Amino acid sequence: MQRSTYFIFIVILSINLWNCGDSEKKTMETTSTEMRDSDGLISLTEDQFQSAGMVLGSLEEKQFPVIVPANGIIDVPPENKAVVNATMGGYIKRTPLLIGDVVKRGQMLVTLENPEFVTLQQEYMEVKQQLGYLKSEYDRQKTLMEENITSQKSFLKAESEYQTANARYNGLKKQLQMLNISPSEVEKGNISSIATIFAPISGSITKVNVSKGSYVSPASPILEIIDNDHIHLELSVFEKDIMKIKKGQPIRFTIPEASDEMYKAEVYLIGTSIGENRTIKVHGHLHDESQNNFLTGMFVNAEIITDSAQEKALPSEAVITLDDRSYVLLLNKNENGNRYFDQLEVEIGTAFDGFTAIKPSDKLQPESQFLVKGAFDLIGE
């Protein structure tokens with residue numbers, strides 16, 4: 001019996017709570033409507049005005065930036081990006097790195113194996129051995145030529161053979177150095193079938209295009225390294241706006257996919273040719289690039305501030321936008337202790353530093369007063 005009584009009590013309490021919440025919701029939904037009088041004005045008593053912490057204000061003169069919109073990406077200078085290739089083709093013997101790994105300049109990246117590396121070292125050693133003999137023969141023929149003992153033909157032949165071998169020796173030596181194979185080690189008899197590729201710059205691995213055992217040709221990119229120590233903005237500006245852009249102008253930008261925070265930069269270089277979609281490239285330098293974890297390729301929305309203009313404005317909190325239309329509450333009259341507001345549609349301009357520019361209108365006078373705090377709950381469609 002006690003259990004049944006307890007159950008009934010819980011059900012009744014739940015129903016009362018639900019009805020209470022539903023009633024409160026309906027009250028909130030109809031508050032704005034109930035406050036309107038027969039003329040469509042929103043009426044507020046002094047108690048309502050004070051208890052809600054509402055504030056009146058008037059149009060103020062504010063400086064607003066004149067902006068040129070742009071979009072683009074976070075990028076790095078060409079010298080901060082490296083695509084690693086093989087000088088000669090080969091099979092990947094070792095590739096210990098993954099995307100995201102940080103490398104230092106000169107660090108081993110991958111090793112290649114190819115029998116042609118052995119052949120190249122053999123040719124180098126053969127030419128080196130021949131070079132000693134050909135040098136001696138050239139010196140002998142030169143001495144004989146000076147003493148008129150030998151013919152000029154014999155001297156020229158010895159000279160040609162020596163210079164040809166010397167050129168081949170230097171060429172093979174350079175090829176070994178490009179493969180990071182030490183010629184001095186080869187001369188000691190240490191011949192290897194493996195060549196090592198080292199990092200040309202410091203940075204992070206952003207692409208790995210190979211796996212162990214795969215064959216790469218000299219034209220195949222193996223890795224990509226990007227150094228994010230210096231990043232910049234690469235923006236696209238439409239042709240109609242480019243004449244307004246000057247070096248040193250401030251840039252405000254956001255990264256919409258990652259953060260709502262506003263970052264700062266400035267115009268550093270302006271392109272001199274028109275590209276796709278009739279746009280010109282604008283290069284911007286960030287103010288505090290070391291303080292943010294930007295990644296190359298991030299999309300940015302930017303505003304280039306080209307000038308400033310003085311406009312009438314209200315605090316942004318006073319302007320409510322519904323269905324792409326903007327409204328403010330204009331104080332119509334104050335009588336019998338009540339304040340009456342007219343919901344007025346306005347045309348807005350730039351929003352900056354907590355204020356929104358209001359375009360001139362016949363209904364807006366210098367002495368007009370507006371509800372600058374607490375308007376959100378009162379404006380309805």
# chains A, B, ... in the order shown; residues from 1 in each chain; ligands from 1
$ residues_around --residues "Leu344 in chain A" --least-positions-apart "3" --cutoff "8 Å" --atoms "only C-alpha atoms" --output "JSON, numbers by chain"
{"A": [327, 328, 329, 330]}
$ select_by_dssp --residues "range 125-218 of chain A" --states "strand (DSSP E)" --output "list in words"
Ile194, Ala195, Thr196, Ile197, Phe198, Gly203, Ser204, Ile205, Thr206, Lys207, Val208, Tyr215 and Val216 of chain A
$ write_last_selection --atoms "C-alpha atoms" --output "PDB file, in the first residue's frame"
ATOM      1  CA  ILE A 194      73.545   1.510 -50.783  1.00  0.00           C
ATOM      2  CA  ALA A 195      73.162   5.280 -51.084  1.00  0.00           C
ATOM      3  CA  THR A 196      71.764   7.479 -48.324  1.00  0.00           C
ATOM      4  CA  ILE A 197      69.528  10.514 -48.775  1.00  0.00           C
ATOM      5  CA  PHE A 198      69.805  13.222 -46.102  1.00  0.00           C
ATOM      6  CA  GLY A 203      61.294  20.750 -40.540  1.00  0.00           C
ATOM      7  CA  SER A 204      58.422  18.282 -40.326  1.00  0.00           C
ATOM      8  CA  ILE A 205      57.650  15.424 -42.679  1.00  0.00           C
ATOM      9  CA  THR A 206      54.376  16.244 -44.455  1.00  0.00           C
ATOM     10  CA  LYS A 207      54.345  13.561 -47.153  1.00  0.00           C
ATOM     11  CA  VAL A 208      55.801  10.047 -47.459  1.00  0.00           C
ATOM     12  CA  TYR A 215      61.422   1.343 -56.572  1.00  0.00           C
ATOM     13  CA  VAL A 216      61.844   5.084 -57.067  1.00  0.00           C
TER      14      VAL A 216
END
$ residues_around --residues "range 164-167 of chain A" --least-positions-apart "4" --cutoff "9 Å" --atoms "only C-alpha atoms" --output "PyMOL selection string"
chain A and resi 127-128+130-131+134-135+159-160+171-172
$ select_by_dssp --residues "range 47-266 of chain A" --states "alpha helix (DSSP H)" --output "PyMOL selection string"
chain A and resi 47-51+115-146+152-178+183-187
$ write_last_selection --atoms "C-alpha atoms" --output "mmCIF file, in the first residue's frame"
data_model
loop_
_atom_site.group_PDB
_atom_site.id
_atom_site.type_symbol
_atom_site.label_atom_id
_atom_site.label_comp_id
_atom_site.auth_asym_id
_atom_site.auth_seq_id
_atom_site.Cartn_x
_atom_site.Cartn_y
_atom_site.Cartn_z
ATOM 1 C CA ASP A 47 10.185 47.886 -12.794
ATOM 2 C CA GLN A 48 10.627 45.696 -15.864
ATOM 3 C CA PHE A 49 13.225 48.066 -17.247
ATOM 4 C CA GLN A 50 15.253 48.199 -14.038
ATOM 5 C CA SER A 51 14.975 44.532 -13.043
ATOM 6 C CA PRO A 115 73.591 -2.530 -58.399
ATOM 7 C CA GLU A 116 74.328 0.492 -60.584
ATOM 8 C CA PHE A 117 75.848 2.173 -57.541
ATOM 9 C CA VAL A 118 78.467 -0.597 -57.475
ATOM 10 C CA THR A 119 79.135 -0.214 -61.199
ATOM 11 C CA LEU A 120 79.591 3.533 -60.761
ATOM 12 C CA GLN A 121 82.168 3.006 -58.015
ATOM 13 C CA GLN A 122 84.028 0.423 -60.092
ATOM 14 C CA GLU A 123 84.235 2.832 -63.026
ATOM 15 C CA TYR A 124 85.504 5.497 -60.664
ATOM 16 C CA MET A 125 88.295 3.260 -59.402
ATOM 17 C CA GLU A 126 89.255 2.159 -62.936
ATOM 18 C CA VAL A 127 89.466 5.729 -64.187
ATOM 19 C CA LYS A 128 91.486 6.736 -61.130
ATOM 20 C CA GLN A 129 94.002 3.972 -61.811
ATOM 21 C CA GLN A 130 94.242 4.928 -65.479
ATOM 22 C CA LEU A 131 94.627 8.575 -64.570
ATOM 23 C CA GLY A 132 97.981 7.981 -62.886
ATOM 24 C CA TYR A 133 99.444 6.312 -65.960
ATOM 25 C CA LEU A 134 97.957 8.865 -68.384
ATOM 26 C CA LYS A 135 99.313 11.740 -66.275
ATOM 27 C CA SER A 136 102.813 10.261 -66.380
ATOM 28 C CA GLU A 137 102.590 9.698 -70.142
ATOM 29 C CA TYR A 138 101.336 13.234 -70.670
ATOM 30 C CA ASP A 139 104.221 14.679 -68.607
ATOM 31 C CA ARG A 140 106.760 12.530 -70.558
ATOM 32 C CA GLN A 141 105.399 13.561 -73.939
ATOM 33 C CA LYS A 142 105.380 17.179 -72.847
ATOM 34 C CA THR A 143 109.081 16.981 -71.877
ATOM 35 C CA LEU A 144 109.979 15.268 -75.149
ATOM 36 C CA MET A 145 108.011 17.854 -77.078
ATOM 37 C CA GLU A 146 109.911 20.678 -75.412
ATOM 38 C CA GLN A 152 103.443 17.055 -81.874
ATOM 39 C CA LYS A 153 100.908 14.379 -82.800
ATOM 40 C CA SER A 154 102.104 12.070 -80.032
ATOM 41 C CA PHE A 155 102.031 14.889 -77.515
ATOM 42 C CA LEU A 156 98.484 15.955 -78.465
ATOM 43 C CA LYS A 157 97.281 12.348 -78.231
ATOM 44 C CA ALA A 158 98.722 11.957 -74.726
ATOM 45 C CA GLU A 159 97.276 15.299 -73.674
ATOM 46 C CA SER A 160 93.811 14.411 -75.012
ATOM 47 C CA GLU A 161 93.741 11.011 -73.322
ATOM 48 C CA TYR A 162 94.836 12.491 -70.008
ATOM 49 C CA GLN A 163 92.311 15.352 -70.063
ATOM 50 C CA THR A 164 89.488 12.999 -71.112
ATOM 51 C CA ALA A 165 90.267 10.617 -68.259
ATOM 52 C CA ASN A 166 90.588 13.508 -65.815
ATOM 53 C CA ALA A 167 87.174 14.873 -66.860
ATOM 54 C CA ARG A 168 85.626 11.417 -66.477
ATOM 55 C CA TYR A 169 87.279 11.008 -63.081
ATOM 56 C CA ASN A 170 85.884 14.335 -61.822
ATOM 57 C CA GLY A 171 82.444 13.556 -63.249
ATOM 58 C CA LEU A 172 82.256 10.148 -61.549
ATOM 59 C CA LYS A 173 83.507 11.679 -58.314
ATOM 60 C CA LYS A 174 80.730 14.292 -58.434
ATOM 61 C CA GLN A 175 78.098 11.608 -59.077
ATOM 62 C CA LEU A 176 79.292 9.675 -56.024
ATOM 63 C CA GLN A 177 79.113 12.809 -53.903
ATOM 64 C CA MET A 178 75.556 13.455 -55.121
ATOM 65 C CA PRO A 183 84.962 8.883 -52.903
ATOM 66 C CA SER A 184 87.724 8.546 -50.301
ATOM 67 C CA GLU A 185 86.061 5.408 -48.918
ATOM 68 C CA VAL A 186 85.726 4.001 -52.437
ATOM 69 C CA GLU A 187 89.424 4.665 -53.022
#
$ closest_atom_pairs --of "range 273-294 of chain A" --to "range 224-244 of chain A" --cutoff "8 Å" --atoms "only C-alpha atoms" --output "tab-separated table"
residue	atom	partner	partner_atom	distance
A:Ile274	CA	A:Glu239	CA	7.4
A:Asn277	CA	A:Phe238	CA	7.9
A:Arg278	CA	A:Glu239	CA	5.7
A:Thr279	CA	A:Phe238	CA	4.4
A:Ile280	CA	A:Val237	CA	5.3
A:Lys281	CA	A:Ser236	CA	4.8
A:Val282	CA	A:Leu235	CA	5.0
A:His283	CA	A:Glu234	CA	5.0
A:Gly284	CA	A:Leu233	CA	4.8
A:His285	CA	A:His232	CA	5.1
A:Leu286	CA	A:His232	CA	6.1
A:Glu289	CA	A:Ile231	CA	6.9
A:Ser290	CA	A:Asp229	CA	7.4
$ residues_around --residues "range 310-312 of chain A" --least-positions-apart "4" --cutoff "8 Å" --atoms "only C-alpha atoms" --output "JSON list (two decimals) with C-alpha atoms, in the first residue's frame"
[["chain", "number", "residue", "atom", "x", "y", "z"],
["A", 59, "LEU", "CA", 24.04, 57.01, -31.82],
["A", 60, "GLU", "CA", 27.78, 57.63, -31.40],
["A", 61, "GLU", "CA", 30.46, 58.76, -33.81],
["A", 62, "LYS", "CA", 32.93, 55.90, -34.28],
["A", 63, "GLN", "CA", 35.88, 55.21, -36.55],
["A", 64, "PHE", "CA", 35.30, 52.12, -38.70],
["A", 357, "ALA", "CA", 27.69, 51.10, -38.03],
["A", 358, "ILE", "CA", 24.10, 52.25, -38.72],
["A", 359, "LYS", "CA", 23.31, 53.69, -42.14],
["A", 360, "PRO", "CA", 21.52, 57.10, -42.14]]
$ atom_distance --atom1 "CA of Ala302 in chain A" --atom2 "CA of Pro69 in chain A"
6.0 Å
$ residues_around --residues "Thr45 in chain A" --least-positions-apart "2" --cutoff "12 Å" --atoms "only C-alpha atoms" --output "CSV table (one decimal) with all heavy atoms, in the first residue's frame"
chain,number,residue,atom,x,y,z
A,35,MET,N,3.7,42.4,-24.6
A,35,MET,CA,4.2,43.8,-24.2
A,35,MET,C,3.8,44.8,-25.3
A,35,MET,O,4.1,46.0,-25.1
A,35,MET,CB,5.7,43.7,-24.1
A,35,MET,CG,6.2,43.1,-22.8
A,35,MET,SD,7.9,43.1,-22.6
A,35,MET,CE,8.1,42.5,-21.0
A,42,ILE,N,6.4,48.3,-28.2
A,42,ILE,CA,6.7,47.5,-27.1
A,42,ILE,C,6.7,48.3,-25.8
A,42,ILE,O,7.5,49.3,-25.7
A,42,ILE,CB,8.1,46.8,-27.3
A,42,ILE,CG1,8.0,45.9,-28.6
A,42,ILE,CG2,8.5,46.0,-26.1
A,42,ILE,CD1,9.4,45.3,-28.9
A,43,SER,N,5.9,47.9,-24.9
A,43,SER,CA,5.7,48.7,-23.6
A,43,SER,C,6.5,48.0,-22.5
A,43,SER,O,6.4,46.8,-22.3
A,43,SER,CB,4.3,48.8,-23.3
A,43,SER,OG,4.1,49.4,-22.0
A,47,ASP,N,9.7,49.1,-13.5
A,47,ASP,CA,10.2,47.9,-12.8
A,47,ASP,C,10.8,46.9,-13.8
A,47,ASP,O,11.9,46.3,-13.5
A,47,ASP,CB,9.1,47.2,-12.0
A,47,ASP,CG,8.6,48.1,-10.8
A,47,ASP,OD1,9.5,48.9,-10.4
A,47,ASP,OD2,7.5,47.9,-10.3
A,48,GLN,N,10.1,46.6,-14.9
A,48,GLN,CA,10.6,45.7,-15.9
A,48,GLN,C,12.0,46.2,-16.4
A,48,GLN,O,12.9,45.4,-16.6
A,48,GLN,CB,9.6,45.5,-17.0
A,48,GLN,CG,8.4,44.7,-16.6
A,48,GLN,CD,7.3,44.8,-17.8
A,48,GLN,OE1,7.2,45.7,-18.5
A,48,GLN,NE2,6.6,43.7,-17.9
A,49,PHE,N,12.0,47.5,-16.7
A,49,PHE,CA,13.2,48.1,-17.2
A,49,PHE,C,14.4,47.9,-16.3
A,49,PHE,O,15.5,47.5,-16.7
A,49,PHE,CB,13.0,49.5,-17.6
A,49,PHE,CG,14.1,50.2,-18.3
A,49,PHE,CD1,14.1,50.2,-19.7
A,49,PHE,CD2,15.1,50.9,-17.7
A,49,PHE,CE1,15.1,50.8,-20.4
A,49,PHE,CE2,16.1,51.5,-18.4
A,49,PHE,CZ,16.1,51.5,-19.8
A,50,GLN,N,14.2,48.2,-15.0
A,50,GLN,CA,15.3,48.2,-14.0
A,50,GLN,C,15.7,46.8,-13.7
A,50,GLN,O,16.8,46.5,-13.6
A,50,GLN,CB,14.8,49.0,-12.8
A,50,GLN,CG,14.6,50.5,-13.0
A,50,GLN,CD,15.8,51.2,-13.4
A,50,GLN,OE1,17.0,50.8,-13.2
A,50,GLN,NE2,15.6,52.3,-14.1
A,51,SER,N,14.7,45.9,-13.5
A,51,SER,CA,15.0,44.5,-13.0
A,51,SER,C,15.7,43.8,-14.1
A,51,SER,O,16.5,42.9,-13.8
A,51,SER,CB,13.7,43.8,-12.7
A,51,SER,OG,12.8,43.7,-13.8
A,52,ALA,N,15.5,44.1,-15.4
A,52,ALA,CA,16.2,43.4,-16.5
A,52,ALA,C,17.6,44.0,-16.8
A,52,ALA,O,18.3,43.5,-17.6
A,52,ALA,CB,15.3,43.4,-17.8
A,54,MET,N,18.2,46.9,-18.2
A,54,MET,CA,18.3,47.5,-19.5
A,54,MET,C,18.9,48.9,-19.5
A,54,MET,O,18.9,49.6,-18.5
A,54,MET,CB,16.8,47.6,-20.1
A,54,MET,CG,16.2,46.2,-20.3
A,54,MET,SD,14.5,46.3,-20.9
A,54,MET,CE,14.1,44.6,-21.1
A,334,ASN,N,7.8,58.2,-23.6
A,334,ASN,CA,8.0,57.9,-22.2
A,334,ASN,C,6.8,58.6,-21.4
A,334,ASN,O,6.9,59.8,-21.2
A,334,ASN,CB,9.3,58.3,-21.7
A,334,ASN,CG,9.6,57.8,-20.3
A,334,ASN,OD1,8.7,57.3,-19.6
A,334,ASN,ND2,10.9,57.9,-19.9
A,335,GLU,N,5.8,57.8,-21.0
A,335,GLU,CA,4.7,58.4,-20.4
A,335,GLU,C,4.1,57.5,-19.3
A,335,GLU,O,4.1,56.3,-19.5
A,335,GLU,CB,3.6,58.8,-21.4
A,335,GLU,CG,3.0,57.7,-22.2
A,335,GLU,CD,2.0,58.2,-23.2
A,335,GLU,OE1,2.0,59.3,-23.6
A,335,GLU,OE2,1.1,57.4,-23.6
A,336,ASN,N,3.6,58.1,-18.3
A,336,ASN,CA,2.9,57.4,-17.2
A,336,ASN,C,3.8,56.3,-16.6
A,336,ASN,O,3.4,55.2,-16.2
A,336,ASN,CB,1.6,56.7,-17.6
A,336,ASN,CG,0.6,57.8,-18.1
A,336,ASN,OD1,0.5,58.9,-17.6
A,336,ASN,ND2,-0.2,57.4,-19.1
A,337,GLY,N,5.1,56.6,-16.6
A,337,GLY,CA,6.1,55.7,-16.0
A,337,GLY,C,6.4,54.5,-16.9
A,337,GLY,O,7.2,53.6,-16.5
A,338,ASN,N,5.9,54.5,-18.1
A,338,ASN,CA,6.2,53.4,-19.0
A,338,ASN,C,7.0,53.9,-20.2
A,338,ASN,O,6.9,55.1,-20.6
A,338,ASN,CB,4.9,52.8,-19.6
A,338,ASN,CG,4.1,52.0,-18.5
A,338,ASN,OD1,4.6,51.6,-17.5
A,338,ASN,ND2,2.8,51.8,-18.8
A,339,ARG,N,7.8,53.0,-20.7
A,339,ARG,CA,8.6,53.3,-21.9
A,339,ARG,C,8.1,52.5,-23.1
A,339,ARG,O,7.8,51.3,-23.0
A,339,ARG,CB,10.1,53.0,-21.7
A,339,ARG,CG,10.8,53.9,-20.7
A,339,ARG,CD,12.3,53.6,-20.6
A,339,ARG,NE,13.0,54.5,-19.7
A,339,ARG,CZ,13.2,54.4,-18.4
A,339,ARG,NH1,12.6,53.4,-17.8
A,339,ARG,NH2,13.9,55.3,-17.7
A,340,TYR,N,7.9,53.2,-24.2
A,340,TYR,CA,7.4,52.6,-25.4
A,340,TYR,C,8.4,52.6,-26.5
A,340,TYR,O,9.0,53.6,-26.8
A,340,TYR,CB,6.1,53.3,-25.9
A,340,TYR,CG,5.0,53.2,-24.9
A,340,TYR,CD1,4.9,54.2,-23.9
A,340,TYR,CD2,4.0,52.2,-25.0
A,340,TYR,CE1,3.8,54.1,-22.9
A,340,TYR,CE2,3.0,52.1,-24.1
A,340,TYR,CZ,2.9,53.1,-23.0
A,340,TYR,OH,1.9,53.0,-22.1
A,341,PHE,N,8.7,51.4,-27.1
A,341,PHE,CA,9.7,51.3,-28.1
A,341,PHE,C,9.2,50.8,-29.4
A,341,PHE,O,8.2,50.0,-29.5
A,341,PHE,CB,10.8,50.2,-27.6
A,341,PHE,CG,11.6,50.7,-26.4
A,341,PHE,CD1,11.1,50.4,-25.1
A,341,PHE,CD2,12.8,51.4,-26.6
A,341,PHE,CE1,11.9,50.7,-24.0
A,341,PHE,CE2,13.5,51.8,-25.5
A,341,PHE,CZ,13.0,51.5,-24.2
$ residues_around --residues "Ser326 in chain A" --least-positions-apart "3" --cutoff "6 Å" --atoms "only C-alpha atoms" --output "ChimeraX atom specification"
/A:320-321,345-346
$ write_last_selection --atoms "all heavy atoms" --output "compact mmCIF listing (two decimals), in the first residue's frame"
# COMPACT_ATOMS: atom_id res chain seq x y z
N ILE A 320 19.81 43.53 -33.52
CA ILE A 320 19.40 42.13 -33.58
C ILE A 320 19.08 41.78 -35.03
O ILE A 320 18.32 42.50 -35.70
CB ILE A 320 18.16 41.86 -32.70
CG1 ILE A 320 18.38 42.41 -31.28
CG2 ILE A 320 17.85 40.37 -32.66
CD1 ILE A 320 19.59 41.83 -30.57
N THR A 321 19.67 40.69 -35.53
CA THR A 321 19.46 40.27 -36.91
C THR A 321 18.56 39.04 -36.94
O THR A 321 18.84 38.03 -36.29
CB THR A 321 20.80 39.96 -37.60
OG1 THR A 321 21.61 41.14 -37.58
CG2 THR A 321 20.58 39.52 -39.04
N GLU A 345 13.47 48.59 -38.40
CA GLU A 345 14.45 47.92 -39.27
C GLU A 345 15.48 48.94 -39.75
O GLU A 345 15.12 50.05 -40.17
CB GLU A 345 13.76 47.28 -40.47
CG GLU A 345 14.72 46.50 -41.37
CD GLU A 345 14.02 45.79 -42.52
OE1 GLU A 345 12.77 45.77 -42.53
OE2 GLU A 345 14.74 45.28 -43.40
N VAL A 346 16.75 48.58 -39.68
CA VAL A 346 17.84 49.48 -40.08
C VAL A 346 18.79 48.75 -41.02
O VAL A 346 18.85 47.52 -41.07
CB VAL A 346 18.62 49.99 -38.85
CG1 VAL A 346 17.77 50.90 -37.99
CG2 VAL A 346 19.18 48.83 -38.03
$ atom_distance --atom1 "CA of Asn293 in chain A" --atom2 "CA of Asn85 in chain A"
28.4 Å
$ residues_around --residues "Met298 in chain A" --least-positions-apart "4" --cutoff "8 Å" --atoms "only C-alpha atoms" --output "list in words"
Ile73, Ile74, Ile255 and Phe294 of chain A
$ atom_distance --atom1 "CA of Met108 in chain A" --atom2 "CA of Leu295 in chain A"
24.3 Å
